[in-house]
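Undergrad: My structure is stored as target_13.tsv, with TSV, C-alpha atoms.
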```tsv
chain	number	residue	atom	x	y	z
W	1	MET	CA	-3.21	-74.87	45.82
W	2	SER	CA	0.35	-74.22	44.86
W	3	ASN	CA	1.87	-77.69	44.26
W	4	GLY	CA	5.31	-76.46	45.28
W	5	LYS	CA	8.08	-78.36	47.05
W	6	LEU	CA	8.93	-77.23	50.57
W	7	LEU	CA	12.04	-78.14	52.55
W	8	ILE	CA	11.80	-77.83	56.34
W	9	ILE	CA	15.13	-77.96	58.11
W	10	ASN	CA	15.53	-78.25	61.88
W	11	GLY	CA	18.90	-77.59	63.43
W	12	PRO	CA	20.97	-79.13	66.21
W	13	GLY	CA	19.17	-79.87	69.47
W	14	LEU	CA	15.66	-80.02	68.08
W	15	SER	CA	15.56	-83.81	68.26
W	16	ASP	CA	14.70	-83.32	71.94
W	17	LEU	CA	12.16	-80.57	72.67
W	18	SER	CA	11.85	-81.37	76.37
W	19	GLU	CA	14.48	-78.73	77.15
W	20	LEU	CA	12.15	-75.99	75.94
W	21	ASN	CA	10.28	-73.61	78.20
W	22	GLU	CA	7.40	-75.66	79.60
W	23	THR	CA	4.53	-73.37	78.54
W	24	VAL	CA	5.63	-73.65	74.91
W	25	HIS	CA	6.80	-77.25	75.08
W	26	ASP	CA	3.69	-78.70	76.76
W	27	GLY	CA	4.55	-82.30	75.90
W	28	LEU	CA	5.45	-81.41	72.32
W	29	SER	CA	7.81	-83.67	70.38
W	30	LEU	CA	9.50	-83.15	67.03
W	31	ALA	CA	7.38	-86.02	65.68
W	32	ASP	CA	4.27	-83.98	66.60
W	33	VAL	CA	5.68	-80.95	64.77
W	34	LYS	CA	6.46	-83.10	61.74
W	35	GLN	CA	2.93	-84.53	61.65
W	36	LYS	CA	1.45	-81.03	61.95
W	37	CYS	CA	3.62	-79.81	59.06
W	38	ILE	CA	2.79	-82.76	56.82
W	39	LYS	CA	-0.94	-82.35	57.47
W	40	THR	CA	-0.85	-78.60	56.82
W	41	CYS	CA	1.13	-79.09	53.59
W	42	GLU	CA	-1.27	-81.79	52.40
W	43	GLY	CA	-4.15	-79.35	52.83
W	44	PHE	CA	-2.40	-76.94	50.47
W	45	GLY	CA	-1.15	-79.55	48.00
W	46	LEU	CA	2.45	-78.82	48.94
W	47	GLU	CA	5.10	-81.53	48.82
W	48	VAL	CA	7.24	-81.44	51.97
W	49	ASP	CA	10.55	-82.85	53.17
W	50	PHE	CA	10.90	-82.44	56.95
W	51	ARG	CA	14.45	-82.86	58.25
W	52	GLN	CA	16.31	-82.59	61.52
W	53	ASN	CA	20.01	-83.02	62.04
W	54	ASP	CA	22.22	-82.55	65.10
W	55	ASP	CA	25.27	-82.48	62.84
W	56	GLU	CA	25.73	-78.94	61.53
W	57	SER	CA	27.92	-79.79	58.55
W	58	GLU	CA	25.51	-82.51	57.36
W	59	LEU	CA	22.63	-80.12	57.75
W	60	LEU	CA	24.46	-77.44	55.81
W	61	SER	CA	25.60	-79.68	52.95
W	62	GLY	CA	22.05	-81.09	52.72
W	63	LEU	CA	20.69	-77.58	52.38
W	64	ILE	CA	23.29	-76.50	49.81
W	65	ASN	CA	22.76	-79.64	47.70
W	66	ASP	CA	19.01	-79.15	47.68
W	67	ILE	CA	18.60	-75.42	47.04
W	68	ASN	CA	17.70	-76.04	43.40
W	69	ASN	CA	15.37	-78.93	44.22
W	70	PHE	CA	12.89	-76.98	46.37
W	71	ASP	CA	10.64	-73.94	45.86
W	72	ALA	CA	10.53	-72.72	49.45
W	73	PHE	CA	12.32	-73.22	52.76
W	74	ILE	CA	11.50	-73.16	56.45
W	75	ILE	CA	14.52	-73.16	58.71
W	76	ASN	CA	14.66	-73.51	62.47
W	77	PRO	CA	18.38	-72.98	63.01
W	78	ALA	CA	18.17	-73.77	66.75
W	79	GLY	CA	21.72	-74.53	67.95
W	80	PHE	CA	23.07	-73.48	64.56
W	81	ALA	CA	22.37	-69.88	65.60
W	82	GLU	CA	25.14	-70.19	68.19
W	83	SER	CA	27.55	-72.19	66.08
W	84	SER	CA	31.03	-71.43	64.83
W	85	PHE	CA	31.74	-68.43	62.62
W	86	ILE	CA	32.79	-70.49	59.59
W	87	ASP	CA	29.67	-72.66	59.59
W	88	TYR	CA	27.55	-69.60	60.14
W	89	GLU	CA	29.12	-67.80	57.16
W	90	ALA	CA	28.52	-70.82	54.95
W	91	PHE	CA	24.97	-70.99	56.25
W	92	SER	CA	24.36	-67.31	55.44
W	93	THR	CA	25.80	-67.81	51.96
W	94	ALA	CA	23.35	-70.68	51.38
W	95	ILE	CA	20.44	-68.50	52.55
W	96	ASN	CA	21.58	-65.69	50.24
W	97	LYS	CA	21.65	-68.11	47.35
W	98	ILE	CA	18.01	-69.02	48.07
W	99	THR	CA	16.84	-65.40	48.36
W	100	ASN	CA	18.72	-64.49	45.18
W	101	GLN	CA	16.52	-67.04	43.41
W	102	SER	CA	13.49	-65.18	44.86
W	103	LYS	CA	12.40	-68.30	46.74
W	104	PRO	CA	10.63	-67.78	50.07
W	105	VAL	CA	12.60	-68.53	53.25
W	106	ILE	CA	11.14	-68.28	56.74
W	107	GLU	CA	13.04	-68.70	59.99
W	108	VAL	CA	10.84	-70.40	62.60
W	109	ARG	CA	11.64	-70.55	66.32
W	110	ILE	CA	9.42	-72.60	68.61
W	111	GLU	CA	9.95	-70.28	71.59
W	112	ASN	CA	9.88	-66.48	71.70
W	113	ILE	CA	13.66	-66.09	71.63
W	114	PHE	CA	13.36	-62.51	72.89
W	115	LYS	CA	11.96	-63.45	76.29
W	116	PRO	CA	14.54	-62.55	78.94
W	117	ASP	CA	14.34	-66.00	80.54
W	118	ILE	CA	15.17	-67.73	77.26
W	119	SER	CA	17.78	-65.37	75.81
W	120	ARG	CA	19.01	-67.11	72.67
W	121	PRO	CA	20.78	-64.78	70.31
W	122	LEU	CA	19.26	-64.15	66.93
W	123	ARG	CA	22.09	-65.33	64.73
W	124	GLY	CA	20.10	-67.54	62.44
W	125	VAL	CA	18.90	-66.25	59.16
W	126	GLU	CA	20.10	-62.72	58.58
W	127	SER	CA	19.92	-62.08	54.87
W	128	GLY	CA	17.40	-60.09	52.84
W	129	GLY	CA	13.86	-61.19	52.13
W	130	VAL	CA	13.60	-63.64	54.99
W	131	GLY	CA	10.52	-64.03	57.16
W	132	PHE	CA	10.69	-64.61	60.89
W	133	VAL	CA	8.27	-66.37	63.25
W	134	SER	CA	9.07	-66.88	66.94
W	135	GLY	CA	7.13	-68.08	69.98
W	136	LEU	CA	4.16	-69.77	68.33
W	137	GLY	CA	5.25	-73.30	69.23
W	138	GLN	CA	4.38	-75.86	66.53
W	139	TYR	CA	1.86	-73.34	65.13
W	140	GLY	CA	4.78	-71.18	63.99
W	141	TYR	CA	5.42	-73.83	61.32
W	142	VAL	CA	1.73	-73.73	60.34
W	143	LEU	CA	1.89	-69.94	59.96
W	144	ALA	CA	5.06	-70.19	57.88
W	145	ILE	CA	3.50	-72.86	55.63
W	146	GLN	CA	0.39	-70.67	55.16
W	147	SER	CA	2.60	-67.75	54.18
W	148	ILE	CA	4.69	-69.87	51.79
W	149	ASN	CA	1.58	-71.33	50.17
W	150	LYS	CA	0.25	-67.79	49.57
W	151	LYS	CA	3.60	-66.62	48.17
W	152	LEU	CA	3.89	-69.62	45.82
W	153	SER	CA	0.26	-69.23	44.72
W	154	ASN	CA	0.87	-65.58	43.84
W	155	LYS	CA	3.84	-66.42	41.62
X	1	MET	CA	-12.84	-64.11	70.16
X	2	ASN	CA	-12.32	-60.34	70.35
X	3	ILE	CA	-9.10	-59.19	68.72
X	4	TYR	CA	-7.49	-55.74	68.64
X	5	VAL	CA	-5.15	-55.11	65.71
X	6	ILE	CA	-3.12	-52.04	66.68
X	7	ASN	CA	-0.89	-50.21	64.20
X	8	GLY	CA	1.68	-47.52	64.92
X	9	PRO	CA	3.09	-44.50	63.09
X	10	ASN	CA	3.23	-44.25	59.29
X	11	ILE	CA	1.30	-47.47	58.76
X	12	ASN	CA	-1.46	-45.23	57.33
X	13	LEU	CA	0.95	-44.45	54.47
X	14	LEU	CA	1.18	-48.09	53.34
X	15	GLY	CA	1.05	-48.54	49.61
X	16	ALA	CA	2.72	-45.19	49.03
X	17	ARG	CA	5.56	-45.47	51.56
X	18	GLU	CA	8.68	-47.27	50.27
X	19	PRO	CA	6.68	-49.97	48.42
X	20	GLU	CA	9.92	-51.91	47.72
X	21	ILE	CA	10.07	-52.62	51.48
X	22	TYR	CA	6.44	-52.57	52.59
X	23	GLY	CA	4.62	-53.66	49.43
X	24	LYS	CA	1.76	-52.08	47.55
X	25	GLU	CA	-1.04	-53.14	49.87
X	26	THR	CA	-2.88	-50.29	51.63
X	27	ILE	CA	-4.00	-50.21	55.26
X	28	GLU	CA	-7.63	-50.33	54.10
X	29	GLY	CA	-6.89	-53.52	52.15
X	30	ILE	CA	-5.17	-55.12	55.14
X	31	ALA	CA	-8.05	-54.16	57.45
X	32	LYS	CA	-10.52	-55.70	55.01
X	33	ASP	CA	-8.50	-58.96	54.79
X	34	CYS	CA	-8.38	-59.17	58.60
X	35	GLN	CA	-12.13	-58.55	58.96
X	36	GLU	CA	-12.91	-61.21	56.35
X	37	LYS	CA	-10.64	-63.84	57.96
X	38	ALA	CA	-12.02	-63.01	61.42
X	39	SER	CA	-15.71	-63.14	60.51
X	40	LYS	CA	-15.17	-66.50	58.78
X	41	ASP	CA	-14.10	-67.94	62.14
X	42	GLY	CA	-16.69	-65.97	64.14
X	43	HIS	CA	-14.18	-63.50	65.59
X	44	VAL	CA	-14.47	-59.73	65.90
X	45	VAL	CA	-11.50	-57.59	64.87
X	46	LYS	CA	-11.10	-53.95	65.82
X	47	PHE	CA	-8.48	-52.57	63.42
X	48	MET	CA	-6.75	-49.37	64.59
X	49	GLN	CA	-3.90	-47.12	63.55
X	50	SER	CA	-2.37	-44.12	65.29
X	51	ASN	CA	0.66	-41.93	64.86
X	52	TYR	CA	0.53	-41.07	68.57
X	53	GLU	CA	2.28	-43.21	71.17
X	54	GLY	CA	-0.13	-42.23	73.98
X	55	GLU	CA	-3.15	-43.26	71.94
X	56	ILE	CA	-1.62	-46.71	71.37
X	57	VAL	CA	-0.97	-47.03	75.12
X	58	GLU	CA	-4.63	-46.10	75.78
X	59	TRP	CA	-5.88	-48.73	73.29
X	60	ILE	CA	-3.85	-51.41	75.10
X	61	GLN	CA	-5.30	-50.20	78.42
X	62	ASP	CA	-8.75	-50.37	76.83
X	63	ALA	CA	-8.04	-53.97	75.80
X	64	ILE	CA	-7.29	-54.74	79.46
X	65	ILE	CA	-10.58	-53.14	80.62
X	66	GLN	CA	-12.65	-54.75	77.85
X	67	LYS	CA	-10.98	-58.15	78.46
X	68	VAL	CA	-10.05	-58.47	74.79
X	69	ASP	CA	-8.80	-62.00	73.95
X	70	ALA	CA	-5.84	-61.12	71.75
X	71	ILE	CA	-3.79	-58.15	70.56
X	72	VAL	CA	-1.86	-58.11	67.30
X	73	ILE	CA	0.45	-55.10	67.44
X	74	ASN	CA	2.58	-53.51	64.76
X	75	ALA	CA	4.07	-50.66	66.78
X	76	ALA	CA	6.13	-49.65	63.71
X	77	ALA	CA	8.89	-47.19	64.66
X	78	TYR	CA	7.70	-47.10	68.30
X	79	THR	CA	8.86	-50.74	68.47
X	80	HIS	CA	12.39	-49.47	68.84
X	81	THR	CA	11.72	-46.60	71.26
X	82	SER	CA	8.65	-47.09	73.42
X	83	ILE	CA	9.00	-48.32	76.98
X	84	ALA	CA	5.45	-47.00	77.54
X	85	ILE	CA	4.02	-49.50	75.02
X	86	HIS	CA	6.20	-52.26	76.51
X	87	ASP	CA	4.80	-51.50	79.99
X	88	ALA	CA	1.19	-51.37	78.77
X	89	LEU	CA	1.61	-54.75	77.02
X	90	LYS	CA	3.12	-56.28	80.17
X	91	SER	CA	-0.10	-55.31	82.02
X	92	TYR	CA	-2.29	-56.99	79.42
X	93	SER	CA	-2.76	-60.69	80.16
X	94	GLY	CA	-4.45	-61.83	76.93
X	95	TYR	CA	-2.55	-63.33	73.97
X	96	LYS	CA	-0.13	-60.87	72.30
X	97	VAL	CA	1.55	-61.04	68.90
X	98	GLU	CA	4.13	-58.52	67.69
X	99	LEU	CA	3.87	-58.14	63.93
X	100	HIS	CA	6.00	-56.43	61.31
X	101	ILE	CA	5.49	-56.32	57.56
X	102	SER	CA	9.23	-56.37	56.83
X	103	ASN	CA	11.87	-58.10	58.97
X	104	PRO	CA	13.43	-55.37	61.17
X	105	HIS	CA	16.41	-57.60	62.01
X	106	LEU	CA	17.53	-57.46	58.39
X	107	ARG	CA	17.35	-53.67	58.17
X	108	GLU	CA	19.16	-50.69	59.74
X	109	SER	CA	20.82	-51.41	63.07
X	110	PHE	CA	18.51	-48.95	64.87
X	111	ARG	CA	15.67	-51.37	64.08
X	112	HIS	CA	17.42	-54.37	65.65
X	113	VAL	CA	16.26	-53.64	69.17
X	114	SER	CA	12.58	-54.14	69.98
X	115	PHE	CA	11.04	-53.02	73.25
X	116	ILE	CA	7.94	-55.00	72.28
X	117	SER	CA	9.38	-58.52	71.73
X	118	SER	CA	10.06	-59.32	75.38
X	119	ALA	CA	6.53	-58.21	76.40
X	120	VAL	CA	4.62	-60.41	73.94
X	121	ASP	CA	4.00	-64.13	73.41
X	122	SER	CA	5.16	-64.30	69.83
X	123	VAL	CA	6.84	-62.33	67.05
X	124	VAL	CA	5.98	-62.48	63.34
X	125	ALA	CA	7.99	-60.44	60.84
X	126	GLY	CA	8.82	-60.24	57.17
X	127	LEU	CA	5.78	-62.09	55.83
X	128	GLY	CA	4.55	-58.95	54.05
X	129	ALA	CA	1.08	-57.42	54.39
X	130	ASP	CA	-0.41	-60.95	54.27
X	131	GLY	CA	1.18	-61.54	57.69
X	132	TYR	CA	-1.85	-59.85	59.30
X	133	SER	CA	-4.48	-62.17	57.86
X	134	HIS	CA	-2.25	-65.24	58.39
X	135	VAL	CA	-1.96	-64.32	62.08
X	136	ILE	CA	-5.72	-63.69	62.43
X	137	GLU	CA	-6.37	-67.09	60.83
X	138	LEU	CA	-3.86	-68.80	63.12
X	139	LEU	CA	-5.36	-67.30	66.30
X	140	SER	CA	-8.29	-69.71	65.86
X	141	GLU	CA	-5.94	-72.69	66.04
X	142	LEU	CA	-3.89	-71.50	69.01
X	143	PRO	CA	-4.78	-72.81	72.45
X	144	ILE	CA	-5.74	-69.33	73.71
X	145	LYS	CA	-7.78	-69.04	76.88
X	146	VAL	CA	-10.99	-67.15	76.06
X	147	ASP	CA	-13.16	-65.75	78.90
```
The structure given in the file should be rewritten as structure tokens.

TA:
Amino acid sequence: MSNGKLLIINGPGLSDLSELNETVHDGLSLADVKQKCIKTCEGFGLEVDFRQNDDESELLSGLINDINNFDAFIINPAGFAESSFIDYEAFSTAINKITNQSKPVIEVRIENIFKPDISRPLRGVESGGVGFVSGLGQYGYVLAIQSINKKLSNK
Amino acid sequence: MNIYVINGPNINLLGAREPEIYGKETIEGIAKDCQEKASKDGHVVKFMQSNYEGEIVEWIQDAIIQKVDAIVINAAAYTHTSIAIHDALKSYSGYKVELHISNPHLRESFRHVSFISSAVDSVVAGLGADGYSHVIELLSELPIKVD
């Protein structure tokens, strides 16, 4: 039990998971992912705010405004990973701010982004002390929550 | 479920090797955590480490012959060099997870390319030594086909 506050942010495009590779997607919706996350967090006594936004600047300002209000972060940058240089720089700066506070951050990708048939560039979270989970479908979020719970419990 | 946890070169030095990157946990401690998590869920883990590329290839081939259900592989430095391990993994049809203690994408550029990632189902990196036991625990939840 860690009783921490976790922010889960999902980037542009994740409102519709039907575009994903079928073996990973398998009828999965973002609402399913959200339910899975809430249930997993409840089991650990973690408070969770699960967000998705197709608007990059809203997503970014939400993250920046809330850095001090949460103890740990899970980020699926999705379309953000391919976004404009300026947004990406601001995004990286926000991630650096989190890691400088020694708060856990884990990048989660639903698909294995390294599969040749998917080929999405890794341009998401690239600063120090950041975990990375890719290809585990909704269970990637579960793994990240387990890891965050352990890290917060050890503090 | 039968699970092979395969570790590559220098993982035997954990605890002593650059603890600021890899942490203070030893390979014996990690193996013990994995065994405990596995036995709790009724799984059997074979935990292995080798500094030799060919031996790792042979363990993957053994997993094919023995019809092992899942492989968790930390190929360490061979991640960035070994087409032989990539090929062996491609021939293995069970569930495959690539695992790293640190996040190679945040380190030296020569660690940014992985020959393993495109041959596995999923990649887990940068969760520290606890990443192993978290992955073993999660394997029970995954919809993996077991013979």

Undergrad: Could you check how far CA of Asp55 (chain W) sits from CA of Tyr88 (chain W), in Å to one decimal?

TA: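 Computed distance, CA of Asp55 (chain W) to CA of Tyr88 (chain W), equals 13.4 Å.
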
Undergrad: Using only C-alpha atoms, what residues lie at most 12 Å away from (18.0, -70.0, 40.3) (file coordinates), given as a list in words?

TA: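 These residues have at least one counted atom within 12 Å: Asp66, Ile67, Asn68, Asn69, Phe70, Asp71, Asn96, Lys97, Ile98, Thr99, Asn100, Gln101, Ser102 and Lys103 of chain W.
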
Undergrad: Could you write out that same residue set with C-alpha atoms as an mmCIF file, keeping the file's coordinate frame?

TA:
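Listed below is the output, selection-v6.cif:
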```cif
data_model
loop_
_atom_site.group_PDB
_atom_site.id
_atom_site.type_symbol
_atom_site.label_atom_id
_atom_site.label_comp_id
_atom_site.auth_asym_id
_atom_site.auth_seq_id
_atom_site.Cartn_x
_atom_site.Cartn_y
_atom_site.Cartn_z
ATOM 1 C CA ASP W 66 19.010 -79.150 47.680
ATOM 2 C CA ILE W 67 18.600 -75.420 47.040
ATOM 3 C CA ASN W 68 17.700 -76.040 43.400
ATOM 4 C CA ASN W 69 15.370 -78.930 44.220
ATOM 5 C CA PHE W 70 12.890 -76.980 46.370
ATOM 6 C CA ASP W 71 10.640 -73.940 45.860
ATOM 7 C CA ASN W 96 21.580 -65.690 50.240
ATOM 8 C CA LYS W 97 21.650 -68.110 47.350
ATOM 9 C CA ILE W 98 18.010 -69.020 48.070
ATOM 10 C CA THR W 99 16.840 -65.400 48.360
ATOM 11 C CA ASN W 100 18.720 -64.490 45.180
ATOM 12 C CA GLN W 101 16.520 -67.040 43.410
ATOM 13 C CA SER W 102 13.490 -65.180 44.860
ATOM 14 C CA LYS W 103 12.400 -68.300 46.740
#
```

Undergrad: With only C-alpha atoms as the counted atoms, please give the residues lying no more than 12 Å from Gly54 (chain X), apart from itself and same-chain residues fewer than 5 positions off, as a PyMOL selection string.

TA: chain X and resi 8-9+59-61+75+78+82-85+88

Undergrad: Can you check which residues of chain X have any atom within 6 Å of chain W? Use all atoms listed in the file and format it as a list in words.

TA: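 For chain X, the answer reads Leu106, Ser117, Ser118, Ser122, Val123, Val124, Ala125, Gly126 and Leu127 of chain X.
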
Undergrad: What does the structure give for the distance between CA of Val72 (chain X) and CA of His105 (chain X), in Å to one decimal?

TA: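 Computing it gives 19.0 Å between the two atoms.
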
Undergrad: For Asn103 (chain X), which residue out of X:Ile21, X:Ile73, X:Ile30, X:Val44 is the nearest one, using all atoms listed in the file?

TA: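 Ranking X:Ile21, X:Ile73, X:Ile30, X:Val44 by distance to Asn103 (chain X), first place goes to X:Ile21.
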
Undergrad: Name the closest residue to Gly79 (chain W) among the candidates W:Leu30, W:Ala94, W:Ile64, W:Leu14; distances are taken between atoms, counting all atoms listed in the file.

TA: W:Leu14

Undergrad: Between CA of Asp62 (chain X) and CA of Thr81 (chain X), what is the distance, to one decimal in Å?

TA: 21.5 Å

Undergrad: In the coordinate frame of the file, compute which residues have an atom within 7 Å of (8.5, -80.5, 57.9) when using all atoms listed in the file, and state them as a PyMOL selection string.

TA: chain W and resi 7-8+34+37-38+48-51

Undergrad: Keeping C-alpha atoms, export the residues of the selection given above as a PDB file, in the frame of the given file.

TA:
```
ATOM      1  CA  LEU W   7      12.040 -78.140  52.550  1.00  0.00           C
ATOM      2  CA  ILE W   8      11.800 -77.830  56.340  1.00  0.00           C
ATOM      3  CA  LYS W  34       6.460 -83.100  61.740  1.00  0.00           C
ATOM      4  CA  CYS W  37       3.620 -79.810  59.060  1.00  0.00           C
ATOM      5  CA  ILE W  38       2.790 -82.760  56.820  1.00  0.00           C
ATOM      6  CA  VAL W  48       7.240 -81.440  51.970  1.00  0.00           C
ATOM      7  CA  ASP W  49      10.550 -82.850  53.170  1.00  0.00           C
ATOM      8  CA  PHE W  50      10.900 -82.440  56.950  1.00  0.00           C
ATOM      9  CA  ARG W  51      14.450 -82.860  58.250  1.00  0.00           C
TER      10      ARG W  51
END
```

Undergrad: So which residues touch Ser15 (chain W) within 10 Å, counting all atoms listed in the file, skipping near sequence neighbours fewer than 2 positions away, as a PyMOL selection string?

TA: chain W and resi 10-13+17-18+29-31+52-54

Undergrad: Need the shell around Met1 (chain X): protein/DNA/RNA residues with any atom at most 7 Å away, counting all atoms listed in the file. Skip same-chain ones fewer than 2 positions apart. Format as a ChimeraX atom specification?

TA: /X:3,43-44,69,146
